[in-house]
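Enquirer: Pasting final_24.csv below, which is CSV, C-alpha atoms.
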```csv
chain,number,residue,atom,x,y,z
A,23,MET,CA,-9.3,-8.8,-19.4
A,24,MET,CA,-8.9,-5.3,-18.0
A,25,ALA,CA,-7.7,-2.5,-20.3
A,26,TYR,CA,-4.8,-0.5,-19.0
A,27,THR,CA,-4.1,3.2,-19.6
A,28,GLN,CA,-1.0,5.1,-18.7
A,29,LEU,CA,-0.9,7.1,-15.5
A,30,THR,CA,-0.3,10.8,-16.3
A,31,SER,CA,1.0,12.5,-13.1
A,32,SER,CA,4.3,13.0,-11.3
A,33,LEU,CA,4.7,9.2,-11.5
A,34,SER,CA,4.4,6.8,-14.4
A,35,GLY,CA,2.2,3.8,-14.0
A,36,LEU,CA,-1.0,2.0,-15.0
A,37,VAL,CA,-4.7,2.9,-14.5
A,38,VAL,CA,-7.6,0.5,-14.7
A,39,GLU,CA,-10.9,2.3,-15.3
A,40,PRO,CA,-14.3,0.8,-14.4
A,41,LYS,CA,-17.0,0.5,-17.0
A,42,GLN,CA,-19.0,3.0,-15.1
A,43,THR,CA,-17.9,6.5,-14.2
A,44,ALA,CA,-15.4,6.1,-11.4
A,45,SER,CA,-16.7,7.0,-7.9
A,46,ALA,CA,-13.9,5.4,-5.9
A,47,CYS,CA,-10.2,4.7,-6.3
A,48,VAL,CA,-7.6,2.3,-5.0
A,49,ILE,CA,-4.0,3.4,-5.2
A,50,TRP,CA,-1.8,0.3,-5.0
A,51,LEU,CA,1.9,0.5,-4.6
A,52,HIS,CA,4.3,-2.3,-5.7
A,53,GLY,CA,7.3,-3.7,-3.8
A,54,LEU,CA,11.0,-3.2,-4.2
A,55,GLY,CA,12.3,-3.8,-7.7
A,56,ASP,CA,8.8,-4.5,-9.1
A,57,SER,CA,6.6,-2.2,-11.2
A,58,ALA,CA,3.0,-1.3,-11.9
A,59,ASP,CA,3.0,-4.2,-14.4
A,60,GLY,CA,3.7,-6.7,-11.6
A,61,PHE,CA,0.6,-5.8,-9.6
A,62,ALA,CA,-2.0,-4.5,-12.1
A,63,PRO,CA,-3.2,-8.0,-13.1
A,64,ILE,CA,-4.6,-8.5,-9.6
A,65,VAL,CA,-7.7,-6.5,-10.6
A,66,ASN,CA,-8.7,-9.5,-12.8
A,67,SER,CA,-8.2,-11.8,-9.8
A,68,LEU,CA,-10.6,-9.8,-7.6
A,69,HIS,CA,-13.6,-10.6,-9.8
A,70,LEU,CA,-15.3,-7.4,-8.9
A,71,PRO,CA,-19.0,-7.0,-9.8
A,72,ALA,CA,-19.8,-5.6,-13.2
A,73,THR,CA,-21.4,-2.7,-11.5
A,74,SER,CA,-18.2,-1.7,-9.7
A,75,SER,CA,-17.2,1.9,-10.2
A,76,ILE,CA,-13.7,1.6,-8.7
A,77,ARG,CA,-10.6,3.1,-10.5
A,78,PHE,CA,-7.3,1.3,-9.8
A,79,ILE,CA,-4.1,3.2,-10.0
A,80,PHE,CA,-0.7,1.3,-10.0
A,81,PRO,CA,2.1,3.9,-9.9
A,82,ASN,CA,5.7,3.1,-10.6
A,83,ALA,CA,8.3,3.9,-7.9
A,84,PRO,CA,11.2,6.1,-9.0
A,85,GLU,CA,14.5,4.4,-9.8
A,86,GLN,CA,17.2,4.8,-7.2
A,87,ALA,CA,20.2,3.0,-5.7
A,88,VAL,CA,19.4,0.5,-2.9
A,89,THR,CA,22.1,0.1,-0.3
A,90,ILE,CA,21.4,-3.5,0.8
A,91,ASN,CA,21.5,-4.5,-2.8
A,92,GLY,CA,25.0,-3.2,-3.3
A,93,GLY,CA,23.8,0.2,-4.6
A,94,TYR,CA,22.0,-1.5,-7.6
A,95,ILE,CA,19.6,0.9,-9.2
A,96,MET,CA,16.0,-0.3,-9.2
A,97,ARG,CA,12.5,0.9,-8.7
A,98,ALA,CA,12.2,1.7,-4.9
A,99,TRP,CA,10.0,3.8,-2.8
A,100,TYR,CA,13.0,4.5,-0.5
A,101,ASP,CA,16.5,3.2,0.2
A,102,ILE,CA,16.9,0.2,2.5
A,103,LYS,CA,19.9,0.9,4.6
A,104,SER,CA,20.1,-2.3,6.7
A,105,LEU,CA,18.1,-5.2,8.0
A,106,ASP,CA,17.7,-3.6,11.4
A,107,LEU,CA,13.9,-3.5,12.0
A,108,HIS,CA,14.2,-0.2,13.8
A,109,ASP,CA,16.4,1.5,11.2
A,110,ARG,CA,15.8,-0.2,7.9
A,111,ALA,CA,14.0,2.5,6.0
A,112,ASP,CA,15.7,5.7,4.7
A,113,MET,CA,13.2,8.2,6.3
A,114,PRO,CA,13.9,11.1,3.9
A,115,GLY,CA,13.1,8.7,1.0
A,116,VAL,CA,9.9,7.5,2.7
A,117,MET,CA,8.8,11.0,3.2
A,118,ALA,CA,9.6,11.9,-0.5
A,119,SER,CA,7.4,9.0,-1.6
A,120,GLU,CA,4.7,10.1,0.8
A,121,GLN,CA,4.6,13.5,-1.0
A,122,LEU,CA,4.3,11.7,-4.4
A,123,ILE,CA,1.4,9.6,-3.1
A,124,ASN,CA,-0.3,12.6,-1.5
A,125,GLN,CA,-0.1,14.3,-5.0
A,126,LEU,CA,-1.9,11.2,-6.5
A,127,ILE,CA,-4.6,11.5,-3.8
A,128,ASP,CA,-5.0,15.2,-4.5
A,129,ASP,CA,-5.2,14.5,-8.2
A,130,GLN,CA,-8.1,12.1,-7.6
A,131,ILE,CA,-9.9,14.5,-5.4
A,132,ALA,CA,-9.6,17.1,-8.1
A,133,LYS,CA,-11.1,14.6,-10.6
A,134,GLY,CA,-14.2,14.2,-8.4
A,135,ILE,CA,-13.3,11.2,-6.2
A,136,PRO,CA,-14.1,12.0,-2.6
A,137,ALA,CA,-11.2,11.4,-0.2
A,138,ASN,CA,-13.3,8.9,1.8
A,139,LYS,CA,-13.6,6.8,-1.3
A,140,ILE,CA,-9.8,6.6,-1.9
A,141,LEU,CA,-8.1,3.5,-0.5
A,142,LEU,CA,-4.3,3.2,-0.2
A,143,ALA,CA,-2.9,-0.3,-0.7
A,144,GLY,CA,0.6,-1.6,-1.0
A,145,PHE,CA,2.8,-4.7,-0.9
A,146,SER,CA,6.2,-4.9,0.9
A,147,GLN,CA,7.9,-1.5,0.4
A,148,GLY,CA,4.7,-0.2,-1.1
A,149,GLY,CA,2.8,-1.3,2.0
A,150,VAL,CA,5.2,0.6,4.2
A,151,VAL,CA,4.6,3.8,2.2
A,152,SER,CA,0.9,3.3,2.0
A,153,LEU,CA,0.6,2.7,5.7
A,154,PHE,CA,3.0,5.6,6.6
A,155,THR,CA,1.2,8.0,4.2
A,156,GLY,CA,-2.3,7.0,5.3
A,157,LEU,CA,-1.6,7.3,9.0
A,158,ARG,CA,-0.4,10.9,8.4
A,159,CYS,CA,-2.7,12.0,5.6
A,160,GLN,CA,-4.8,15.1,6.1
A,161,HIS,CA,-7.7,13.7,4.2
A,162,THR,CA,-10.0,11.1,5.7
A,163,LEU,CA,-9.4,8.0,3.5
A,164,ALA,CA,-11.6,5.0,2.8
A,165,GLY,CA,-9.1,2.5,4.2
A,166,LEU,CA,-5.5,1.3,4.2
A,167,MET,CA,-4.3,-2.1,3.0
A,168,ALA,CA,-0.8,-3.2,4.2
A,169,LEU,CA,0.5,-6.5,2.7
A,170,SER,CA,3.7,-8.1,3.8
A,171,CYS,CA,5.2,-5.0,5.2
A,172,TYR,CA,6.2,-3.1,8.4
A,173,LEU,CA,6.3,0.3,10.0
A,174,PRO,CA,9.4,2.3,9.1
A,175,GLY,CA,9.9,2.9,12.8
A,176,GLY,CA,9.8,-0.8,13.7
A,177,ASP,CA,7.7,-0.8,16.8
A,178,ARG,CA,6.9,2.9,16.7
A,179,LEU,CA,4.0,4.7,14.9
A,180,PRO,CA,5.1,7.6,12.7
A,181,ALA,CA,5.3,11.1,14.0
A,182,ALA,CA,2.6,13.6,13.0
A,183,LEU,CA,-0.3,11.2,12.9
A,184,SER,CA,-3.4,12.7,11.5
A,185,ALA,CA,-6.7,13.0,13.4
A,186,GLU,CA,-8.5,12.4,10.1
A,187,ASN,CA,-7.5,8.8,9.9
A,188,ARG,CA,-7.6,7.6,13.5
A,189,ALA,CA,-10.8,5.6,12.7
A,190,THR,CA,-9.8,4.5,9.2
A,191,PRO,CA,-9.9,0.7,8.9
A,192,ILE,CA,-6.7,-1.1,8.2
A,193,LEU,CA,-6.4,-4.6,6.5
A,194,PHE,CA,-2.9,-6.0,7.3
A,195,GLN,CA,-1.9,-9.4,5.9
A,196,HIS,CA,1.5,-11.1,6.3
A,197,GLY,CA,3.1,-14.4,5.4
A,198,GLN,CA,4.1,-16.8,8.2
A,199,GLN,CA,7.0,-18.0,6.0
A,200,ASP,CA,8.1,-14.6,4.9
A,201,ASP,CA,11.9,-14.5,5.0
A,202,VAL,CA,12.2,-11.0,3.3
A,203,VAL,CA,10.0,-9.1,5.8
A,204,ILE,CA,10.1,-11.4,8.8
A,205,PRO,CA,6.9,-12.0,10.7
A,206,ALA,CA,8.4,-10.2,13.7
A,207,ALA,CA,8.4,-7.0,11.7
A,208,ALA,CA,4.6,-7.3,11.0
A,209,GLU,CA,4.0,-8.2,14.7
A,210,MET,CA,5.7,-5.0,15.8
A,211,ALA,CA,3.5,-3.0,13.4
A,212,ARG,CA,0.4,-4.9,14.5
A,213,ASP,CA,1.1,-4.2,18.2
A,214,ALA,CA,1.9,-0.5,17.6
A,215,LEU,CA,-1.3,0.0,15.6
A,216,LEU,CA,-3.5,-1.8,18.2
A,217,GLU,CA,-1.9,0.1,21.0
A,218,GLY,CA,-2.6,3.3,19.1
A,219,GLY,CA,-6.3,2.4,18.9
A,220,TYR,CA,-6.5,1.9,15.2
A,221,PRO,CA,-9.3,-0.4,13.8
A,222,LEU,CA,-7.0,-3.2,12.5
A,223,ASP,CA,-7.8,-6.5,10.8
A,224,PHE,CA,-4.6,-8.5,11.0
A,225,SER,CA,-4.0,-12.0,9.6
A,226,PHE,CA,-1.1,-14.3,9.0
A,227,PHE,CA,-1.3,-16.6,6.0
A,228,PRO,CA,0.8,-19.8,5.2
A,229,VAL,CA,2.8,-18.1,2.5
A,230,ALA,CA,6.3,-16.6,2.0
A,231,HIS,CA,6.9,-13.1,0.6
A,232,GLY,CA,4.0,-12.9,-1.8
A,233,LEU,CA,0.2,-13.2,-2.0
A,234,SER,CA,-1.7,-16.5,-1.9
A,235,ALA,CA,-5.1,-17.2,-3.5
A,236,GLU,CA,-6.5,-17.4,0.1
A,237,GLN,CA,-5.8,-13.7,0.6
A,238,ILE,CA,-7.8,-12.5,-2.4
A,239,LEU,CA,-11.2,-13.0,-0.9
A,240,PRO,CA,-10.6,-10.8,2.2
A,241,ILE,CA,-8.9,-8.2,0.0
A,242,ARG,CA,-11.9,-8.2,-2.3
A,243,GLN,CA,-14.3,-7.9,0.6
A,244,PHE,CA,-12.3,-5.1,2.2
A,245,ILE,CA,-12.2,-3.1,-1.1
A,246,LEU,CA,-15.9,-3.5,-1.7
A,247,SER,CA,-16.8,-2.6,1.8
A,248,ARG,CA,-14.8,0.6,1.8
A,249,CYS,CA,-15.2,1.7,-1.9
```
Could you take the file, read its structure, and then write that structure out as structure tokens?
Expert:
Amino acid sequence: MMAYTQLTSSLSGLVVEPKQTASACVIWLHGLGDSADGFAPIVNSLHLPATSSIRFIFPNAPEQAVTINGGYIMRAWYDIKSLDLHDRADMPGVMASEQLINQLIDDQIAKGIPANKILLAGFSQGGVVSLFTGLRCQHTLAGLMALSCYLPGGDRLPAALSAENRATPILFQHGQQDDVVIPAAAEMARDALLEGGYPLDFSFFPVAHGLSAEQILPIRQFILSRC
């Protein structure tokens, strides 16, 4: 079993350190209403080699009211205003979370991890923020992993795309039976990314809004190939 330590930054969360001195880092964002505790156990499921030197960081989203959930306060990377695929995400909230994740990236660089060994990953809302942040990040990152998510602009790429990550590989997985983030939302993102010329590995899996065992191997392979 992995040993967790507490994240000490502008966000709370969990950190999983490798046995060796860390030379790479995966920053993994959870979905709406979840927490670092919900996703941190996935490190065990990846069965990484004993020689792995990858640090995993699972930050907690801030707590805030979510409009589509009747204003209920929960952990969320941004407010969800409606189910409209083109106007679902509260963009000021997305950009506020982007700033928080960029701070985590800068913190890791200051600790000696090169930017090109930092991978951003996220599930659902966390995937939206990871994708948005990575496409705009001024550092060249190792890779982006977008799980069961969408672009905040629906069928449009974000504004102010960075030249640094035009060639950054993207692993995008989505559930064919997802009724929370419908497959059409993922297809919009897929088409926009391909039209934008991004190196995209996109796959549908026979699952609802979650991860299946079948997805773990390609996730593992992607992480090891980039970190």
Enquirer: Taking (-3.4, -7.4, 7.4) in the file's coordinates as the center, which residues reach within 7 Å of it, counting only C-alpha atoms, put as number ranges by chain?
Expert: A: 167-169, 193-196, 223-225
Enquirer: Could you jot down the atom CA of A:Ala137 to atom CA of A:Trp50 separation for me, Å, one decimal place?
Expert: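 Those two atoms sit 15.3 Å apart.
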Enquirer: What lies within 9 Å of stretch 172-185 of chain A using only C-alpha atoms, ignoring chain neighbours under 2 positions off, as an MDAnalysis selection string?
Expert: chainID A and resid 106:113 116 146:147 149:151 153:154 156:162 168:170 187:189 203 207:215 218
Enquirer: Please save C-alpha atoms of the selected residues as a PDB file, keeping the file's coordinate frame.
Expert:
```pdb
ATOM      1  CA  ASP A 106      17.700  -3.600  11.400  1.00  0.00           C
ATOM      2  CA  LEU A 107      13.900  -3.500  12.000  1.00  0.00           C
ATOM      3  CA  HIS A 108      14.200  -0.200  13.800  1.00  0.00           C
ATOM      4  CA  ASP A 109      16.400   1.500  11.200  1.00  0.00           C
ATOM      5  CA  ARG A 110      15.800  -0.200   7.900  1.00  0.00           C
ATOM      6  CA  ALA A 111      14.000   2.500   6.000  1.00  0.00           C
ATOM      7  CA  ASP A 112      15.700   5.700   4.700  1.00  0.00           C
ATOM      8  CA  MET A 113      13.200   8.200   6.300  1.00  0.00           C
ATOM      9  CA  VAL A 116       9.900   7.500   2.700  1.00  0.00           C
ATOM     10  CA  SER A 146       6.200  -4.900   0.900  1.00  0.00           C
ATOM     11  CA  GLN A 147       7.900  -1.500   0.400  1.00  0.00           C
ATOM     12  CA  GLY A 149       2.800  -1.300   2.000  1.00  0.00           C
ATOM     13  CA  VAL A 150       5.200   0.600   4.200  1.00  0.00           C
ATOM     14  CA  VAL A 151       4.600   3.800   2.200  1.00  0.00           C
ATOM     15  CA  LEU A 153       0.600   2.700   5.700  1.00  0.00           C
ATOM     16  CA  PHE A 154       3.000   5.600   6.600  1.00  0.00           C
ATOM     17  CA  GLY A 156      -2.300   7.000   5.300  1.00  0.00           C
ATOM     18  CA  LEU A 157      -1.600   7.300   9.000  1.00  0.00           C
ATOM     19  CA  ARG A 158      -0.400  10.900   8.400  1.00  0.00           C
ATOM     20  CA  CYS A 159      -2.700  12.000   5.600  1.00  0.00           C
ATOM     21  CA  GLN A 160      -4.800  15.100   6.100  1.00  0.00           C
ATOM     22  CA  HIS A 161      -7.700  13.700   4.200  1.00  0.00           C
ATOM     23  CA  THR A 162     -10.000  11.100   5.700  1.00  0.00           C
ATOM     24  CA  ALA A 168      -0.800  -3.200   4.200  1.00  0.00           C
ATOM     25  CA  LEU A 169       0.500  -6.500   2.700  1.00  0.00           C
ATOM     26  CA  SER A 170       3.700  -8.100   3.800  1.00  0.00           C
ATOM     27  CA  ASN A 187      -7.500   8.800   9.900  1.00  0.00           C
ATOM     28  CA  ARG A 188      -7.600   7.600  13.500  1.00  0.00           C
ATOM     29  CA  ALA A 189     -10.800   5.600  12.700  1.00  0.00           C
ATOM     30  CA  VAL A 203      10.000  -9.100   5.800  1.00  0.00           C
ATOM     31  CA  ALA A 207       8.400  -7.000  11.700  1.00  0.00           C
ATOM     32  CA  ALA A 208       4.600  -7.300  11.000  1.00  0.00           C
ATOM     33  CA  GLU A 209       4.000  -8.200  14.700  1.00  0.00           C
ATOM     34  CA  MET A 210       5.700  -5.000  15.800  1.00  0.00           C
ATOM     35  CA  ALA A 211       3.500  -3.000  13.400  1.00  0.00           C
ATOM     36  CA  ARG A 212       0.400  -4.900  14.500  1.00  0.00           C
ATOM     37  CA  ASP A 213       1.100  -4.200  18.200  1.00  0.00           C
ATOM     38  CA  ALA A 214       1.900  -0.500  17.600  1.00  0.00           C
ATOM     39  CA  LEU A 215      -1.300   0.000  15.600  1.00  0.00           C
ATOM     40  CA  GLY A 218      -2.600   3.300  19.100  1.00  0.00           C
TER      41      GLY A 218
END
```
Enquirer: Using all atoms listed in the file, find the one residue out of A:Ser32, A:Gln237, A:Asn82, A:Gln199 that sits nearest to A:Ile127.
Expert: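 So, comparing all the options, the nearest one is A:Ser32.
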Enquirer: For a test of reading the model, state the distance in Å between atom CA of A:Thr89 and atom CA of A:Gly197, rounded to one decimal.
Expert: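 Calculated distance between atom CA of A:Thr89 and atom CA of A:Gly197 is 24.6 Å.
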Enquirer: Taking into account all atoms listed in the file, which residue in the set A:Gly134, A:Gly55, A:Gly144, A:Pro63 is nearest to A:Ile95?
Expert: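 Once distances to A:Ile95 are computed over all atoms listed in the file, the minimum belongs to A:Gly55.
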Enquirer: Select, from A:Ser34, A:Gln121, A:Thr155, A:Ser104, the residue with the minimum atom-to-atom distance to A:Ala83, counting only C-alpha atoms.
Expert: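 Once distances to A:Ala83 are computed over only C-alpha atoms, the minimum belongs to A:Ser34.
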Enquirer: Given only C-alpha atoms as the basis, pick out the residue of A:Leu246, A:Leu142, A:Gly165, A:Tyr100 nearest to A:Gly53.
Expert: A:Tyr100
Enquirer: Dump as a list in words all residues having an atom at most 12 Å from (-2.3, -6.8, -16.7), computed in the file's coordinates with only C-alpha atoms.
Expert: Met23, Met24, Ala25, Tyr26, Thr27, Gly35, Leu36, Val37, Val38, Ser57, Ala58, Asp59, Gly60, Phe61, Ala62, Pro63, Ile64, Val65, Asn66, Ser67, Phe78 and Phe80 of chain A
Enquirer: Dump C-alpha atoms for the selected residues as an mmCIF file, in the coordinates of the input?
Expert:
```
data_model
loop_
_atom_site.group_PDB
_atom_site.id
_atom_site.type_symbol
_atom_site.label_atom_id
_atom_site.label_comp_id
_atom_site.auth_asym_id
_atom_site.auth_seq_id
_atom_site.Cartn_x
_atom_site.Cartn_y
_atom_site.Cartn_z
ATOM 1 C CA MET A 23 -9.300 -8.800 -19.400
ATOM 2 C CA MET A 24 -8.900 -5.300 -18.000
ATOM 3 C CA ALA A 25 -7.700 -2.500 -20.300
ATOM 4 C CA TYR A 26 -4.800 -0.500 -19.000
ATOM 5 C CA THR A 27 -4.100 3.200 -19.600
ATOM 6 C CA GLY A 35 2.200 3.800 -14.000
ATOM 7 C CA LEU A 36 -1.000 2.000 -15.000
ATOM 8 C CA VAL A 37 -4.700 2.900 -14.500
ATOM 9 C CA VAL A 38 -7.600 0.500 -14.700
ATOM 10 C CA SER A 57 6.600 -2.200 -11.200
ATOM 11 C CA ALA A 58 3.000 -1.300 -11.900
ATOM 12 C CA ASP A 59 3.000 -4.200 -14.400
ATOM 13 C CA GLY A 60 3.700 -6.700 -11.600
ATOM 14 C CA PHE A 61 0.600 -5.800 -9.600
ATOM 15 C CA ALA A 62 -2.000 -4.500 -12.100
ATOM 16 C CA PRO A 63 -3.200 -8.000 -13.100
ATOM 17 C CA ILE A 64 -4.600 -8.500 -9.600
ATOM 18 C CA VAL A 65 -7.700 -6.500 -10.600
ATOM 19 C CA ASN A 66 -8.700 -9.500 -12.800
ATOM 20 C CA SER A 67 -8.200 -11.800 -9.800
ATOM 21 C CA PHE A 78 -7.300 1.300 -9.800
ATOM 22 C CA PHE A 80 -0.700 1.300 -10.000
#
```
Enquirer: For A:Ala46, which of A:Gln198, A:Ser152, A:Ser74, A:Ser234 is the closest residue, counting only C-alpha atoms?
Expert: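 When distances to A:Ala46 are compared using only C-alpha atoms, the smallest one comes from A:Ser74.
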Enquirer: Write out as a count of residues only each polymer residue whose atoms come within 7 Å of A:Arg97, counting all atoms listed in the file; drop sequence neighbours fewer than 5 positions from it.
Expert: 7
Enquirer: State, in Å with one decimal place, the distance from atom CA of A:Lys139 to atom CA of A:Glu186.
Expert: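 The value is 13.7 Å.
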Enquirer: Between A:Phe227, A:Phe145, A:Gly115, A:Cys249, which residue has the minimum interatomic distance to A:Ala44, considering all atoms listed in the file?
Expert: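 Between A:Phe227, A:Phe145, A:Gly115, A:Cys249, the residue approaching A:Ala44 most closely is A:Cys249.
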